[in-house]
Amino acid sequence: MKLPARLAVLLAVTVATACAPQTSDNSASDKDEQTGTLRVWLFQEVSNKPKEKVVDSVLAAFEKDHEDTDVTVEYIPVETRAQRIKAAFNDPKSAPDLIEYGNTDTAGYVKDGGLLDITEEFGAWSEAKDTDPTAKQSVTVDGKVYGAPYFVGVRALYYRTDLFEKHDIEVPRTQAELIAAAKEIRAAEPGLYGLAVGGAYTYGAMPFVWAHGGELATGKGGSYASAIDSPAAQKGIKAYTSLFGDDNCPAETCAGMGGNDTVTAFASGKAAMAIGGDFSHAAVEAGKVKGKYAVVPLPGVKEGGIAPAFAGGNNIGVLKSTSHRTLAVDLMQRLASKKTQASMFDAMGFLPTFSDVRQEVAAKEPFVKPFVETLGAGTKFVPASPAWSQIDSSLVLPTMFQEIVSGKKSVEAASKDAAKKMNDAFATLG
């Protein structure tokens, strides 16, 4: 492949894209060219070389099968993806043909008119039948499919085996036992957090809400309504916020912490437990707790139950403006295929979205088992609404948690205020 040489050319294209004037022309192309150059945007990882190696292998095979076709790839920062991708939607001439995108962005990108409806092609794809239902939900809006799931990520409970043994504490089987264990360890080891929690850690908090029967919202399509202030949701919020305090994770420190902060605290030996993802494994292995920890599914309310986890992850989609529909869909399926997802797991630790492939990697790597169990117990997803991006970016839920743990508002008052903000977004954006 000639990727390195082409990347230099692509940088010039990127600058042009960033500076291109915005238009409202994001209509579907009427062309389906079978030769030429396909442009792909994928996310830049912290350690990107292993990902590049897998992708390069896919592209080499694709270009061999399509001799008059060339592929350029740019790895874009996740932090600036929103601006870059929306600009691409508004400037089809300099837009890529395929993009990697976060699965919570699907509905917003569909509303923007940027993603191609590939329902027919997805239905005809032989591998699609083995796609995890929640992963398929993440590419589906109003019954239509707008991409292929690329990988899935879920969270579970990391805990220090040495500390649990030292203080004769059993692995928690319910959320009540989890909270009690966190406070017991904090009392015995005042220099540690019992369970590292964060006021800005939305997807670490939501399993408590979901386990108590609460929901983010109810409805579907353009008729969502917030449910974060329901009695069930409030029970979960109370359970999570009870972990902020001097008896576990002091509010003045932990209120501003996000997911990465809590995993860092655990990996560095400053916490006895943390809620981390399968994608956190490498960071924990590289930390001070290597060899002194284990992972189990985050417990639910009842003994033996597993708290529903947020099914995070990324997808691969074709832009509506592509003039290479057939080729772009072919490349999308190759990048998201079973073979590629298995290779990407080996390279990056990303969990496959195909149920059968996930079972295969779990058999090879023991650390995957609790995450696969969590997926098997049932996961949750955000409302398939373009409003979710606004709700998320405006920190509606972190603000709610922080108001509660700081003592500024009660659970009831803070959740009602959050519900109003969510409903305003739903009413405006659908």
# chains A, B, ... in the order shown; residues from 1 in each chain; ligands from 1
$ closest_atom_pairs --of "segment 33-123 of chain A" --to "segment 380-404 of chain A" --cutoff "12 Å" --atoms "only C-alpha atoms" --output "Markdown table"
| residue | atom | partner | partner_atom | distance |
| --- | --- | --- | --- | --- |
| A:Glu79 | CA | A:Ser393 | CA | 11.6 |
| A:Ala82 | CA | A:Ser389 | CA | 9.8 |
| A:Gly102 | CA | A:Ser389 | CA | 10.7 |
| A:Asn103 | CA | A:Phe381 | CA | 9.3 |
| A:Thr104 | CA | A:Val382 | CA | 6.8 |
| A:Asp105 | CA | A:Ser389 | CA | 6.6 |
| A:Thr106 | CA | A:Ala384 | CA | 7.6 |
| A:Ala107 | CA | A:Pro386 | CA | 4.8 |
| A:Gly108 | CA | A:Pro386 | CA | 3.8 |
| A:Tyr109 | CA | A:Pro386 | CA | 7.5 |
| A:Val110 | CA | A:Pro386 | CA | 8.0 |
| A:Lys111 | CA | A:Pro386 | CA | 6.5 |
| A:Asp112 | CA | A:Pro386 | CA | 8.7 |
| A:Gly113 | CA | A:Pro386 | CA | 11.4 |
$ select_by_dssp --residues "segment 216-338 of chain A" --states "strand (DSSP E or B)" --output "number ranges by chain"
A: 217-218, 225-226, 244, 249, 271-277, 293-296, 299, 306, 309-310, 312-319, 324
$ residues_around --residues "Asp330 of chain A" --least-positions-apart "5" --cutoff "9 Å" --atoms "only C-alpha atoms" --output "ChimeraX atom specification"
/A:62,325,335
$ write_last_selection --atoms "all heavy atoms" --output "mmCIF file, in the first residue's frame"
data_model
loop_
_atom_site.group_PDB
_atom_site.id
_atom_site.type_symbol
_atom_site.label_atom_id
_atom_site.label_comp_id
_atom_site.auth_asym_id
_atom_site.auth_seq_id
_atom_site.Cartn_x
_atom_site.Cartn_y
_atom_site.Cartn_z
ATOM 1 N N PHE A 62 -8.522 -4.914 -0.110
ATOM 2 C CA PHE A 62 -9.559 -4.191 -0.851
ATOM 3 C C PHE A 62 -8.992 -3.650 -2.160
ATOM 4 O O PHE A 62 -9.604 -3.795 -3.234
ATOM 5 C CB PHE A 62 -10.097 -3.049 0.007
ATOM 6 C CG PHE A 62 -11.133 -2.206 -0.674
ATOM 7 C CD1 PHE A 62 -12.465 -2.594 -0.697
ATOM 8 C CD2 PHE A 62 -10.781 -1.012 -1.297
ATOM 9 C CE1 PHE A 62 -13.430 -1.809 -1.332
ATOM 10 C CE2 PHE A 62 -11.736 -0.218 -1.928
ATOM 11 C CZ PHE A 62 -13.054 -0.630 -1.939
ATOM 12 N N ARG A 325 -20.900 4.570 -3.841
ATOM 13 C CA ARG A 325 -21.742 3.840 -2.888
ATOM 14 C C ARG A 325 -21.362 2.366 -2.773
ATOM 15 O O ARG A 325 -21.139 1.859 -1.675
ATOM 16 C CB ARG A 325 -23.217 3.968 -3.270
ATOM 17 C CG ARG A 325 -24.129 3.161 -2.345
ATOM 18 C CD ARG A 325 -25.604 3.335 -2.655
ATOM 19 N NE ARG A 325 -26.405 2.583 -1.688
ATOM 20 C CZ ARG A 325 -27.486 3.058 -1.077
ATOM 21 N NH1 ARG A 325 -27.891 4.297 -1.324
ATOM 22 N NH2 ARG A 325 -28.161 2.312 -0.220
ATOM 23 N N LEU A 335 -14.148 -3.463 6.885
ATOM 24 C CA LEU A 335 -13.595 -2.865 8.100
ATOM 25 C C LEU A 335 -14.330 -3.324 9.352
ATOM 26 O O LEU A 335 -13.753 -3.352 10.442
ATOM 27 C CB LEU A 335 -13.654 -1.332 7.998
ATOM 28 C CG LEU A 335 -12.651 -0.682 7.054
ATOM 29 C CD1 LEU A 335 -12.998 0.796 6.836
ATOM 30 C CD2 LEU A 335 -11.221 -0.809 7.597
#
$ residues_around --residues "Pro299 of chain A" --least-positions-apart "3" --cutoff "12 Å" --atoms "only C-alpha atoms" --output "ChimeraX atom specification"
/A:155-158,171-179,207-208,210-212,275,295-296,302-309,370,373-374,377
$ closest_residue --among "A:Val405, A:Leu163, A:Val318, A:Ala87" --to "Glu252 of chain A" --atoms "only C-alpha atoms"
A:Val405
$ closest_residue --among "A:Glu74, A:Asp229, A:Asp246, A:Asp278" --to "Met422 of chain A" --atoms "only C-alpha atoms"
A:Asp229
$ select_by_dssp --residues "segment 106-238 of chain A" --states "alpha helix (DSSP H)" --output "MDAnalysis selection string"
chainID A and resid 106:111 119:124 133:137 161:166 175:188 202:211 231:238
$ write_last_selection --atoms "C-alpha atoms" --output "PDB file, in the first residue's frame"
ATOM      1  CA  THR A 106     -25.909   8.169  15.185  1.00  0.00           C
ATOM      2  CA  ALA A 107     -29.244   9.941  15.616  1.00  0.00           C
ATOM      3  CA  GLY A 108     -27.695  13.395  15.422  1.00  0.00           C
ATOM      4  CA  TYR A 109     -25.776  12.568  12.260  1.00  0.00           C
ATOM      5  CA  VAL A 110     -28.902  11.125  10.674  1.00  0.00           C
ATOM      6  CA  LYS A 111     -30.844  14.285  11.525  1.00  0.00           C
ATOM      7  CA  THR A 119     -30.692  -0.862   5.363  1.00  0.00           C
ATOM      8  CA  GLU A 120     -30.872  -2.989   2.214  1.00  0.00           C
ATOM      9  CA  GLU A 121     -27.142  -3.719   2.093  1.00  0.00           C
ATOM     10  CA  PHE A 122     -26.973  -4.476   5.831  1.00  0.00           C
ATOM     11  CA  GLY A 123     -29.870  -6.914   5.512  1.00  0.00           C
ATOM     12  CA  ALA A 124     -28.130  -8.709   2.635  1.00  0.00           C
ATOM     13  CA  PRO A 133     -28.914  -6.605  19.165  1.00  0.00           C
ATOM     14  CA  THR A 134     -27.767  -3.575  21.176  1.00  0.00           C
ATOM     15  CA  ALA A 135     -24.958  -2.937  18.707  1.00  0.00           C
ATOM     16  CA  LYS A 136     -27.450  -3.058  15.844  1.00  0.00           C
ATOM     17  CA  GLN A 137     -29.676  -0.644  17.771  1.00  0.00           C
ATOM     18  CA  THR A 161      -7.847  -8.769  45.513  1.00  0.00           C
ATOM     19  CA  ASP A 162      -5.063  -8.101  48.022  1.00  0.00           C
ATOM     20  CA  LEU A 163      -7.101  -5.541  49.973  1.00  0.00           C
ATOM     21  CA  PHE A 164     -10.243  -7.653  49.985  1.00  0.00           C
ATOM     22  CA  GLU A 165      -8.206 -10.582  51.335  1.00  0.00           C
ATOM     23  CA  LYS A 166      -6.363  -8.413  53.869  1.00  0.00           C
ATOM     24  CA  GLN A 175     -25.125  -2.808  45.129  1.00  0.00           C
ATOM     25  CA  ALA A 176     -25.849  -2.493  48.848  1.00  0.00           C
ATOM     26  CA  GLU A 177     -22.900  -4.815  49.559  1.00  0.00           C
ATOM     27  CA  LEU A 178     -20.780  -2.819  47.100  1.00  0.00           C
ATOM     28  CA  ILE A 179     -21.473   0.440  48.932  1.00  0.00           C
ATOM     29  CA  ALA A 180     -20.830  -1.216  52.301  1.00  0.00           C
ATOM     30  CA  ALA A 181     -17.551  -2.750  51.110  1.00  0.00           C
ATOM     31  CA  ALA A 182     -16.375   0.587  49.735  1.00  0.00           C
ATOM     32  CA  LYS A 183     -16.962   2.303  53.068  1.00  0.00           C
ATOM     33  CA  GLU A 184     -15.423  -0.558  55.058  1.00  0.00           C
ATOM     34  CA  ILE A 185     -12.206  -0.377  53.060  1.00  0.00           C
ATOM     35  CA  ARG A 186     -12.115   3.424  53.321  1.00  0.00           C
ATOM     36  CA  ALA A 187     -12.403   3.138  57.103  1.00  0.00           C
ATOM     37  CA  ALA A 188      -9.599   0.574  57.234  1.00  0.00           C
ATOM     38  CA  THR A 202     -22.203   9.568  33.544  1.00  0.00           C
ATOM     39  CA  TYR A 203     -21.746   5.985  32.339  1.00  0.00           C
ATOM     40  CA  GLY A 204     -20.360   4.865  35.688  1.00  0.00           C
ATOM     41  CA  ALA A 205     -23.415   6.299  37.425  1.00  0.00           C
ATOM     42  CA  MET A 206     -26.153   5.081  35.083  1.00  0.00           C
ATOM     43  CA  PRO A 207     -25.891   1.361  36.041  1.00  0.00           C
ATOM     44  CA  PHE A 208     -27.084   2.363  39.522  1.00  0.00           C
ATOM     45  CA  VAL A 209     -30.089   4.127  37.994  1.00  0.00           C
ATOM     46  CA  TRP A 210     -30.859   1.286  35.588  1.00  0.00           C
ATOM     47  CA  ALA A 211     -30.434  -1.383  38.277  1.00  0.00           C
ATOM     48  CA  PRO A 231     -39.060   7.554  41.644  1.00  0.00           C
ATOM     49  CA  ALA A 232     -37.072   4.540  40.394  1.00  0.00           C
ATOM     50  CA  ALA A 233     -34.379   6.733  38.829  1.00  0.00           C
ATOM     51  CA  GLN A 234     -34.157   8.809  41.996  1.00  0.00           C
ATOM     52  CA  LYS A 235     -33.473   5.634  44.027  1.00  0.00           C
ATOM     53  CA  GLY A 236     -30.532   4.854  41.758  1.00  0.00           C
ATOM     54  CA  ILE A 237     -29.268   8.429  41.925  1.00  0.00           C
ATOM     55  CA  LYS A 238     -29.398   8.287  45.739  1.00  0.00           C
TER      56      LYS A 238
END
$ closest_atom_pairs --of "segment 261-371 of chain A" --to "segment 32-38 of chain A" --cutoff "9 Å" --atoms "only C-alpha atoms" --output "Markdown table"
| residue | atom | partner | partner_atom | distance |
| --- | --- | --- | --- | --- |
| A:Thr322 | CA | A:Asp32 | CA | 8.0 |
| A:Ser323 | CA | A:Asp32 | CA | 5.1 |
| A:His324 | CA | A:Asp32 | CA | 4.6 |
| A:Arg325 | CA | A:Asp32 | CA | 5.3 |
| A:Thr326 | CA | A:Asp32 | CA | 6.6 |
| A:Leu327 | CA | A:Gln34 | CA | 6.6 |
| A:Ala328 | CA | A:Leu38 | CA | 7.3 |
$ atom_distance --atom1 "atom CA of Lys49 of chain A" --atom2 "atom CA of Gly269 of chain A"
28.5 Å
$ closest_residue --among "A:Gly407, A:Gly153, A:Pro96, A:Gly194" --to "Arg358 of chain A" --atoms "only C-alpha atoms"
A:Gly153
$ residues_around --residues "Ala427 of chain A" --least-positions-apart "3" --cutoff "9 Å" --atoms "only C-alpha atoms" --output "count of residues only"
9
$ closest_residue --among "A:Ala347, A:Lys320, A:Ile228, A:Cys249" --to "Asp417 of chain A" --atoms "only C-alpha atoms"
A:Ile228
$ atom_distance --atom1 "atom CA of Pro366 of chain A" --atom2 "atom CA of Tyr201 of chain A"
26.5 Å
